[in-house]
Protein chains: 2
Amino acid sequence: MAAKCTVRSPSNIAFIKYWGAKDLDQAIPINPSLSMTLTNCYSRSTVEWVSEDGEHEIQWRTSSGDFEAAPPAFADRVRQHLDFLRRWAKIEGRFRIATENSFPSAAGLASSASGFSALTLATLGAIGRQTSTAEESALARLSGSGSAARSVLGGYVEWPASSSFGALSSRAECYACQVMPAEHWDLRNVIAVVERGAKLISSLDGHRRAQTSPYFHTRQRRLPGRLKAVRRAIETRDFERLGKVIETEAIDLHCVAMTSEPAIFYWSPATLTILEAVRAMRMDGIAAFSTMDAGANVHVICQPEVEGEVAQRLEQLDIELSLIRDCVGPGPVVEDEHLF
Amino acid sequence: MAAKCTVRSPSNIAFIKYWGAKDLDQAIPINPSLSMTLTNCYSRSTVEWVSEDGEHEIQWRTSSGDFEAAPPAFADRVRQHLDFLRRWAKIEGRFRIATENSFPSAAGLASSASGFSALTLATLGAIGRQTSTAEESALARLSGSGSAARSVLGGYVEWPASSSFGALSSRAECYACQVMPAEHWDLRNVIAVVERGAKLISSLDGHRRAQTSPYFHTRQRRLPGRLKAVRRAIETRDFERLGKVIETEAIDLHCVAMTSEPAIFYWSPATLTILEAVRAMRMDGIAAFSTMDAGANVHVICQPEVEGEVAQRLEQLDIELSLIRDCVGPGPVVEDEHLF
């Protein structure tokens with residue numbers, strides 16, 4: 001018996017960031033997070049379930065366009081997750097998988113969110129297991145890439161904090177939910193990619209160090225109010241309110257990182273150039289706000305009517321960057337065409 | 001009756017920063033600060049006391065090298081301070097002053113510290129008033145530039161927090177003291193000047209906004225321990241210990257600024273390039289640490305044996321910068337030659 005499934009899953013950009021885990025292996029977050037699922041930044045995974053025993057085969061598409069055996073650090077994480085899903089499903093056999101990203105990996109663009117969302121959903125498809133969105137989210141989360149829990153859903157997605165779960169039941173009950181569908185509000189994300197290479201400190205290490213920052217707990221206390229404001233801004237499509245909070249939140253995250261022990265500096269000089277450019281846009285009446293995940297690249301969030309102008313002003317900056325124009329999207333889709 | 005006095009007063013670089021005032025007009029700080037008085041970055045002021053009535057005359061040397069009437073924003077601050085000193089000394093008459101800086105003004109290089117220290121001391125000289133160092137420090141502080149309180153002293157200088165003073169007596173009792181003289185420890189400061197222009201947000205506005213940062217109070221709680229560590233590191237000439245604390249402290253200050261309401265961003269892209277370069281130096285075994293005041297320029301603190309290498313590595317960076325090589329110094333001196 002063998003079955004094959006291909007899923008394309010988008011990345012997401014967090015408006016309220018996951019930073020600090022109650023249980024890092026299980027990706028149980030200390031704080032709630034809320035993100036917008038994207039469209040053009042996606043991972044595509046084909047998973048084939050092979051009944052015979054043996055090692056999983058893990059290929060990924062390199063920048064040259066060819067599929068190759070994935071490098072050990074990535075392959076190990078994938079293998080672990082496949083093993084976990086196999087145990088969860090109580091099945092035998094092994095998996096052959098191939099995966100690709102439409103955008104630079106591990107550069108703070110949440111490629112592990114889209115990657116592990118696609119992998120989880122394609123595996124469920126390959127083994128023919130139907131399950132709830134909540135369970136899909138929890139299973140994606142257990143890849144170790146917590147934000148994958150948000151990428152299995154489209155639109156605006158909230159992933160509640162661990163405090164809302166009982167200690168024993170948290171593993172299965174920790175999943176993300178849609179706040180509003182993509183159609184509710186057409187937001188754009190002009191991503192200024194200033195670093196295509198992988199960041200030096202992974203998000204996992206970031207989560208590990210988060211609580212060493214003297215500002216960690218102060219930030220935690222601000223998050224419930226911030227979450228409420230973001231949720232409300234989305235419900236009422238109040239862009240100014242949303243923007244103000246998400247920009248503050250992103251700076252905050254990086255301040256926690258920079259004051260960790262040891263300190264983590266994700267910003268590059270070009271990051272600051274863009275942050276300044278976005279503030280200058282607002283001075284000129286262009287409603288745009290910045291956010292950054294754990295990386296140097298800047299996501300400039302705006303509404304459709306100014307997207308072109310935002311992109312133009314970013315392109316005119318005297319720095320090396322490439323732009324990805326993205327927008328809120330409906331979430332993962334199963335595709336007919338396979339990668340192998 | 002007329003008398004003239006010229007004083008050259010160095011700037012200082014704070015290892016523990018003054019940020020947030022209990023009383024901004026009186027420059028009563030919320031937290032203690034500790035600085036190293038510099039040598040090559042200085043202001044020179046000539047003050048002439050003229051017995052006749054009338055307006056003070058305030059000249060400054062422009063970048064072209066000529067003396068001109070100082071621009072209103074600066075002249076007003078000087079005039080206020082001269083009026084205050086006249087009231088304090090219970091004298092009549094007016095002042096003619098000329099002032100110059102050896103380094104860029106208002107760019108986070110503490111030009112107001114050196115400027116108001118020089119002005120205060122030259123005024124005291126011109127009116128022939130001998131007073132204690134403590135009183136000189138308190139008088140310089142009352143210019144409104146709090147850090148001028150530290151620049152009247154040489155070497156390593158501490159300015160205690162307001163909490164150590166009674167409410168009524170604080171005005172006169174708030175002054176800086178020498179922790180160690182310059183000869184105790186020859187530290188160098190290679191200043192990477194990446195912005196020569198005046199910063200957009202003055203330190204005074206920074207002090208005003210400081211307490212709006214959610215991190216302000218967290219930082220306050222860290223400062224006593226940090227101050228103790230810096231004091232001890234200076235006493236024992238423990239460079240690694242000193243460096244680690246001052247770099248953390250500087251990042252901290254900027255995190256408070258960036259999370260103020262409204263946020264203050266002093267860093268320029270080049271600031272980050274230098275911070276990264278200094279971290280890279282340490283990876284290569286060069287003991288150097290960064291600190292920044294409220295501005296984009298970076299002070300790279302090191303010991304004499306690596307100063308040349310530090311300067312060389314900064315010069316090799318692919319950014320526009322000019323270096324000022326400075327070192328700890330003995331404080332203000334009265335000069336024989338006048339500016340007019």
# chains A, B, ... in the order shown; residues from 1 in each chain; ligands from 1
>>> residues_around(residues="region 275-291 of chain A", least_positions_apart="5", cutoff="7 Å", atoms="only C-alpha atoms", output="PyMOL selection string")
chain A and resi 243+246-247+250+298-302+306
>>> residues_around(residues="region 39-52 of chain B", least_positions_apart="3", cutoff="7 Å", atoms="only C-alpha atoms", output="number ranges by chain")
B: 1-11, 92-103, 114-115, 118-119, 122-123, 126-127, 326-329, 338-339
>>> write_last_selection(atoms="N, CA, C and O atoms", output="short mmCIF file (atom, residue, chain, number, x, y, z; two decimals), in the first residue's frame")
data_model
loop_
_atom_site.label_atom_id
_atom_site.label_comp_id
_atom_site.auth_asym_id
_atom_site.auth_seq_id
_atom_site.Cartn_x
_atom_site.Cartn_y
_atom_site.Cartn_z
N MET B 1 34.50 97.39 36.30
CA MET B 1 35.24 96.15 36.58
C MET B 1 34.93 95.10 35.51
O MET B 1 33.79 94.94 35.10
N ALA B 2 35.92 94.42 35.04
CA ALA B 2 35.69 93.34 34.07
C ALA B 2 36.76 92.29 34.24
O ALA B 2 37.91 92.61 34.49
N ALA B 3 36.35 91.03 34.12
CA ALA B 3 37.33 89.95 34.24
C ALA B 3 36.99 88.89 33.22
O ALA B 3 35.84 88.75 32.81
N LYS B 4 37.98 88.18 32.80
CA LYS B 4 37.80 87.21 31.73
C LYS B 4 38.44 85.89 32.14
O LYS B 4 39.50 85.89 32.77
N CYS B 5 37.79 84.81 31.81
CA CYS B 5 38.35 83.49 32.14
C CYS B 5 38.02 82.51 31.03
O CYS B 5 36.91 82.55 30.46
N THR B 6 38.96 81.65 30.69
CA THR B 6 38.74 80.62 29.68
C THR B 6 38.96 79.26 30.30
O THR B 6 39.97 79.04 30.97
N VAL B 7 38.02 78.39 30.08
CA VAL B 7 38.13 77.02 30.60
C VAL B 7 37.90 76.03 29.47
O VAL B 7 37.01 76.21 28.64
N ARG B 8 38.77 75.02 29.44
CA ARG B 8 38.55 73.90 28.52
C ARG B 8 38.02 72.74 29.35
O ARG B 8 38.67 72.32 30.31
N SER B 9 36.85 72.25 28.99
CA SER B 9 36.28 71.13 29.75
C SER B 9 35.99 69.97 28.81
O SER B 9 35.39 70.14 27.76
N PRO B 10 36.42 68.78 29.20
CA PRO B 10 36.18 67.61 28.35
C PRO B 10 34.73 67.13 28.44
O PRO B 10 34.02 67.41 29.41
N SER B 11 34.35 66.37 27.46
CA SER B 11 33.09 65.66 27.47
C SER B 11 33.27 64.41 28.33
O SER B 11 34.36 64.16 28.87
N GLU B 92 25.81 91.96 39.74
CA GLU B 92 25.17 92.71 38.66
C GLU B 92 25.98 92.52 37.39
O GLU B 92 26.97 91.80 37.37
N GLY B 93 25.58 93.23 36.34
CA GLY B 93 26.37 93.21 35.10
C GLY B 93 25.87 92.16 34.13
O GLY B 93 24.80 91.57 34.31
N ARG B 94 26.67 91.94 33.09
CA ARG B 94 26.29 90.96 32.06
C ARG B 94 27.53 90.22 31.61
O ARG B 94 28.64 90.53 32.05
N PHE B 95 27.32 89.21 30.76
CA PHE B 95 28.46 88.40 30.31
C PHE B 95 28.60 88.45 28.80
O PHE B 95 27.63 88.54 28.06
N ARG B 96 29.85 88.37 28.38
CA ARG B 96 30.14 88.14 26.97
C ARG B 96 30.80 86.76 26.91
O ARG B 96 31.77 86.51 27.62
N ILE B 97 30.28 85.91 26.10
CA ILE B 97 30.91 84.59 26.05
C ILE B 97 31.14 84.13 24.62
O ILE B 97 30.45 84.53 23.68
N ALA B 98 32.17 83.32 24.47
CA ALA B 98 32.42 82.63 23.20
C ALA B 98 32.73 81.19 23.54
O ALA B 98 33.36 80.90 24.57
N THR B 99 32.27 80.29 22.70
CA THR B 99 32.46 78.88 23.01
C THR B 99 32.74 78.08 21.73
O THR B 99 32.33 78.49 20.64
N GLU B 100 33.48 77.02 21.88
CA GLU B 100 33.75 76.16 20.73
C GLU B 100 33.86 74.72 21.19
O GLU B 100 34.18 74.45 22.34
N ASN B 101 33.60 73.82 20.27
CA ASN B 101 33.74 72.39 20.56
C ASN B 101 34.82 71.79 19.67
O ASN B 101 34.96 72.18 18.51
N SER B 102 35.52 70.82 20.20
CA SER B 102 36.52 70.13 19.38
C SER B 102 35.90 68.98 18.59
O SER B 102 36.60 68.25 17.91
N PHE B 103 34.61 68.81 18.68
CA PHE B 103 33.95 67.63 18.13
C PHE B 103 32.51 67.99 17.76
O PHE B 103 32.01 69.03 18.18
N SER B 114 30.11 68.91 28.15
CA SER B 114 31.37 69.66 28.15
C SER B 114 31.11 71.15 28.03
O SER B 114 31.77 71.97 28.69
N GLY B 115 30.14 71.52 27.21
CA GLY B 115 29.84 72.94 26.98
C GLY B 115 29.40 73.64 28.26
O GLY B 115 29.94 74.71 28.61
N ALA B 118 32.24 73.77 30.88
CA ALA B 118 33.20 74.85 30.57
C ALA B 118 32.59 76.22 30.87
O ALA B 118 33.24 77.09 31.48
N LEU B 119 31.35 76.39 30.47
CA LEU B 119 30.69 77.69 30.67
C LEU B 119 30.57 78.02 32.16
O LEU B 119 30.86 79.15 32.59
N ALA B 122 34.10 78.70 33.64
CA ALA B 122 34.67 79.96 33.15
C ALA B 122 33.94 81.15 33.75
O ALA B 122 34.55 82.19 34.06
N THR B 123 32.63 81.00 33.96
CA THR B 123 31.86 82.08 34.59
C THR B 123 32.32 82.28 36.03
O THR B 123 32.54 83.42 36.48
N ALA B 126 35.51 84.05 35.87
CA ALA B 126 35.39 85.45 35.47
C ALA B 126 34.92 86.33 36.61
O ALA B 126 35.36 87.47 36.76
N ILE B 127 34.04 85.79 37.45
CA ILE B 127 33.54 86.60 38.58
C ILE B 127 34.41 86.39 39.83
O ILE B 127 34.12 86.93 40.89
N ASP B 326 40.09 58.87 21.71
CA ASP B 326 40.07 59.62 22.96
C ASP B 326 40.46 58.69 24.11
O ASP B 326 40.64 57.48 23.90
N CYS B 327 40.63 59.27 25.28
CA CYS B 327 41.04 58.47 26.43
C CYS B 327 40.58 59.18 27.70
O CYS B 327 40.17 60.34 27.67
N VAL B 328 40.64 58.48 28.79
CA VAL B 328 40.29 59.07 30.07
C VAL B 328 41.22 60.26 30.34
O VAL B 328 42.39 60.25 29.91
N GLY B 329 40.69 61.27 30.99
CA GLY B 329 41.51 62.46 31.21
C GLY B 329 41.24 63.11 32.56
O GLY B 329 40.31 62.73 33.27
N HIS B 338 42.66 83.31 25.54
CA HIS B 338 41.21 83.48 25.46
C HIS B 338 40.72 83.37 24.02
O HIS B 338 41.49 83.55 23.07
N LEU B 339 39.43 83.15 23.88
CA LEU B 339 38.84 83.03 22.54
C LEU B 339 38.55 84.41 21.94
O LEU B 339 38.31 84.53 20.74
#
>>> interface_residues(of="chain A", to="chain B", cutoff="12 Å", atoms="only C-alpha atoms", output="number ranges by chain")
A: 213-223, 244-245, 247-277, 279, 296, 318-319
>>> closest_residue(among="A:Thr62, A:Ser132, A:Ser112, A:Ser147", to="Lys17 (chain A)", atoms="only C-alpha atoms")
A:Ser147
>>> atom_distance(atom1="CA of Leu323 (chain A)", atom2="CA of Met36 (chain A)")
18.2 Å
>>> atom_distance(atom1="CA of Val78 (chain B)", atom2="CA of Arg150 (chain B)")
18.2 Å
>>> residues_around(residues="Gln178 (chain A)", least_positions_apart="4", cutoff="9 Å", atoms="only C-alpha atoms", output="PyMOL selection string")
chain A and resi 150+153-159
>>> decode(residues="region 224-260 of chain A", atoms="N, CA and C atoms", output="PDB file, in the first residue's frame")
ATOM      1  N   PRO A 224      -1.624  40.662  27.037  1.00  0.00           N
ATOM      2  CA  PRO A 224      -3.081  40.501  26.977  1.00  0.00           C
ATOM      3  C   PRO A 224      -3.781  41.740  26.402  1.00  0.00           C
ATOM      4  N   GLY A 225      -3.346  42.914  26.848  1.00  0.00           N
ATOM      5  CA  GLY A 225      -3.947  44.148  26.339  1.00  0.00           C
ATOM      6  C   GLY A 225      -3.671  44.344  24.859  1.00  0.00           C
ATOM      7  N   ARG A 226      -2.454  43.999  24.483  1.00  0.00           N
ATOM      8  CA  ARG A 226      -2.054  44.145  23.088  1.00  0.00           C
ATOM      9  C   ARG A 226      -2.844  43.178  22.191  1.00  0.00           C
ATOM     10  N   LEU A 227      -3.027  41.972  22.687  1.00  0.00           N
ATOM     11  CA  LEU A 227      -3.771  40.956  21.933  1.00  0.00           C
ATOM     12  C   LEU A 227      -5.208  41.409  21.710  1.00  0.00           C
ATOM     13  N   LYS A 228      -5.789  41.930  22.770  1.00  0.00           N
ATOM     14  CA  LYS A 228      -7.162  42.415  22.695  1.00  0.00           C
ATOM     15  C   LYS A 228      -7.264  43.542  21.669  1.00  0.00           C
ATOM     16  N   ALA A 229      -6.288  44.439  21.692  1.00  0.00           N
ATOM     17  CA  ALA A 229      -6.300  45.575  20.763  1.00  0.00           C
ATOM     18  C   ALA A 229      -6.179  45.086  19.322  1.00  0.00           C
ATOM     19  N   VAL A 230      -5.315  44.105  19.098  1.00  0.00           N
ATOM     20  CA  VAL A 230      -5.130  43.595  17.733  1.00  0.00           C
ATOM     21  C   VAL A 230      -6.393  42.875  17.261  1.00  0.00           C
ATOM     22  N   ARG A 231      -6.951  42.066  18.145  1.00  0.00           N
ATOM     23  CA  ARG A 231      -8.175  41.340  17.800  1.00  0.00           C
ATOM     24  C   ARG A 231      -9.284  42.318  17.421  1.00  0.00           C
ATOM     25  N   ARG A 232      -9.422  43.336  18.241  1.00  0.00           N
ATOM     26  CA  ARG A 232     -10.474  44.338  18.029  1.00  0.00           C
ATOM     27  C   ARG A 232     -10.205  45.129  16.742  1.00  0.00           C
ATOM     28  N   ALA A 233      -8.939  45.454  16.511  1.00  0.00           N
ATOM     29  CA  ALA A 233      -8.588  46.212  15.295  1.00  0.00           C
ATOM     30  C   ALA A 233      -8.915  45.390  14.052  1.00  0.00           C
ATOM     31  N   ILE A 234      -8.691  44.090  14.121  1.00  0.00           N
ATOM     32  CA  ILE A 234      -9.018  43.225  12.981  1.00  0.00           C
ATOM     33  C   ILE A 234     -10.534  43.171  12.798  1.00  0.00           C
ATOM     34  N   GLU A 235     -11.246  42.956  13.893  1.00  0.00           N
ATOM     35  CA  GLU A 235     -12.713  42.886  13.804  1.00  0.00           C
ATOM     36  C   GLU A 235     -13.306  44.140  13.175  1.00  0.00           C
ATOM     37  N   THR A 236     -12.762  45.297  13.581  1.00  0.00           N
ATOM     38  CA  THR A 236     -13.345  46.561  13.119  1.00  0.00           C
ATOM     39  C   THR A 236     -12.597  47.138  11.927  1.00  0.00           C
ATOM     40  N   ARG A 237     -11.636  46.406  11.413  1.00  0.00           N
ATOM     41  CA  ARG A 237     -10.791  46.851  10.295  1.00  0.00           C
ATOM     42  C   ARG A 237     -10.218  48.250  10.569  1.00  0.00           C
ATOM     43  N   ASP A 238      -9.662  48.408  11.753  1.00  0.00           N
ATOM     44  CA  ASP A 238      -9.101  49.700  12.169  1.00  0.00           C
ATOM     45  C   ASP A 238      -7.593  49.648  11.936  1.00  0.00           C
ATOM     46  N   PHE A 239      -7.154  50.103  10.773  1.00  0.00           N
ATOM     47  CA  PHE A 239      -5.769  49.887  10.388  1.00  0.00           C
ATOM     48  C   PHE A 239      -4.779  50.665  11.248  1.00  0.00           C
ATOM     49  N   GLU A 240      -5.104  51.910  11.574  1.00  0.00           N
ATOM     50  CA  GLU A 240      -4.193  52.721  12.388  1.00  0.00           C
ATOM     51  C   GLU A 240      -3.937  52.044  13.740  1.00  0.00           C
ATOM     52  N   ARG A 241      -4.999  51.567  14.316  1.00  0.00           N
ATOM     53  CA  ARG A 241      -4.889  50.916  15.622  1.00  0.00           C
ATOM     54  C   ARG A 241      -4.057  49.634  15.514  1.00  0.00           C
ATOM     55  N   LEU A 242      -4.368  48.851  14.506  1.00  0.00           N
ATOM     56  CA  LEU A 242      -3.613  47.611  14.313  1.00  0.00           C
ATOM     57  C   LEU A 242      -2.129  47.914  14.130  1.00  0.00           C
ATOM     58  N   GLY A 243      -1.856  48.857  13.225  1.00  0.00           N
ATOM     59  CA  GLY A 243      -0.472  49.148  12.856  1.00  0.00           C
ATOM     60  C   GLY A 243       0.360  49.600  14.036  1.00  0.00           C
ATOM     61  N   LYS A 244      -0.197  50.493  14.809  1.00  0.00           N
ATOM     62  CA  LYS A 244       0.516  51.040  15.957  1.00  0.00           C
ATOM     63  C   LYS A 244       0.919  49.905  16.915  1.00  0.00           C
ATOM     64  N   VAL A 245      -0.023  49.022  17.173  1.00  0.00           N
ATOM     65  CA  VAL A 245       0.260  47.940  18.121  1.00  0.00           C
ATOM     66  C   VAL A 245       1.287  46.963  17.550  1.00  0.00           C
ATOM     67  N   ILE A 246       1.160  46.605  16.294  1.00  0.00           N
ATOM     68  CA  ILE A 246       2.073  45.577  15.784  1.00  0.00           C
ATOM     69  C   ILE A 246       3.502  46.108  15.663  1.00  0.00           C
ATOM     70  N   GLU A 247       3.640  47.401  15.365  1.00  0.00           N
ATOM     71  CA  GLU A 247       5.000  47.940  15.273  1.00  0.00           C
ATOM     72  C   GLU A 247       5.647  47.975  16.661  1.00  0.00           C
ATOM     73  N   THR A 248       4.893  48.419  17.649  1.00  0.00           N
ATOM     74  CA  THR A 248       5.375  48.427  19.032  1.00  0.00           C
ATOM     75  C   THR A 248       5.757  47.009  19.467  1.00  0.00           C
ATOM     76  N   GLU A 249       4.884  46.068  19.150  1.00  0.00           N
ATOM     77  CA  GLU A 249       5.096  44.679  19.550  1.00  0.00           C
ATOM     78  C   GLU A 249       6.386  44.112  18.942  1.00  0.00           C
ATOM     79  N   ALA A 250       6.647  44.450  17.695  1.00  0.00           N
ATOM     80  CA  ALA A 250       7.839  43.912  17.029  1.00  0.00           C
ATOM     81  C   ALA A 250       9.117  44.480  17.645  1.00  0.00           C
ATOM     82  N   ILE A 251       9.099  45.792  17.906  1.00  0.00           N
ATOM     83  CA  ILE A 251      10.266  46.423  18.543  1.00  0.00           C
ATOM     84  C   ILE A 251      10.513  45.769  19.901  1.00  0.00           C
ATOM     85  N   ASP A 252       9.416  45.568  20.596  1.00  0.00           N
ATOM     86  CA  ASP A 252       9.442  44.944  21.908  1.00  0.00           C
ATOM     87  C   ASP A 252      10.107  43.562  21.876  1.00  0.00           C
ATOM     88  N   LEU A 253       9.695  42.760  20.925  1.00  0.00           N
ATOM     89  CA  LEU A 253      10.271  41.415  20.791  1.00  0.00           C
ATOM     90  C   LEU A 253      11.786  41.510  20.624  1.00  0.00           C
ATOM     91  N   HIS A 254      12.216  42.436  19.777  1.00  0.00           N
ATOM     92  CA  HIS A 254      13.652  42.546  19.524  1.00  0.00           C
ATOM     93  C   HIS A 254      14.386  43.128  20.727  1.00  0.00           C
ATOM     94  N   CYS A 255      13.713  43.980  21.501  1.00  0.00           N
ATOM     95  CA  CYS A 255      14.343  44.473  22.733  1.00  0.00           C
ATOM     96  C   CYS A 255      14.538  43.317  23.713  1.00  0.00           C
ATOM     97  N   VAL A 256      13.562  42.426  23.798  1.00  0.00           N
ATOM     98  CA  VAL A 256      13.727  41.256  24.666  1.00  0.00           C
ATOM     99  C   VAL A 256      14.909  40.420  24.168  1.00  0.00           C
ATOM    100  N   ALA A 257      14.988  40.228  22.852  1.00  0.00           N
ATOM    101  CA  ALA A 257      16.094  39.435  22.292  1.00  0.00           C
ATOM    102  C   ALA A 257      17.444  40.101  22.573  1.00  0.00           C
ATOM    103  N   MET A 258      17.513  41.419  22.364  1.00  0.00           N
ATOM    104  CA  MET A 258      18.789  42.132  22.537  1.00  0.00           C
ATOM    105  C   MET A 258      19.237  42.201  23.986  1.00  0.00           C
ATOM    106  N   THR A 259      18.292  42.016  24.913  1.00  0.00           N
ATOM    107  CA  THR A 259      18.650  42.063  26.332  1.00  0.00           C
ATOM    108  C   THR A 259      18.683  40.665  26.948  1.00  0.00           C
ATOM    109  N   SER A 260      18.609  39.636  26.103  1.00  0.00           N
ATOM    110  CA  SER A 260      18.757  38.268  26.604  1.00  0.00           C
ATOM    111  C   SER A 260      20.202  38.017  26.987  1.00  0.00           C
TER     112      SER A 260
END
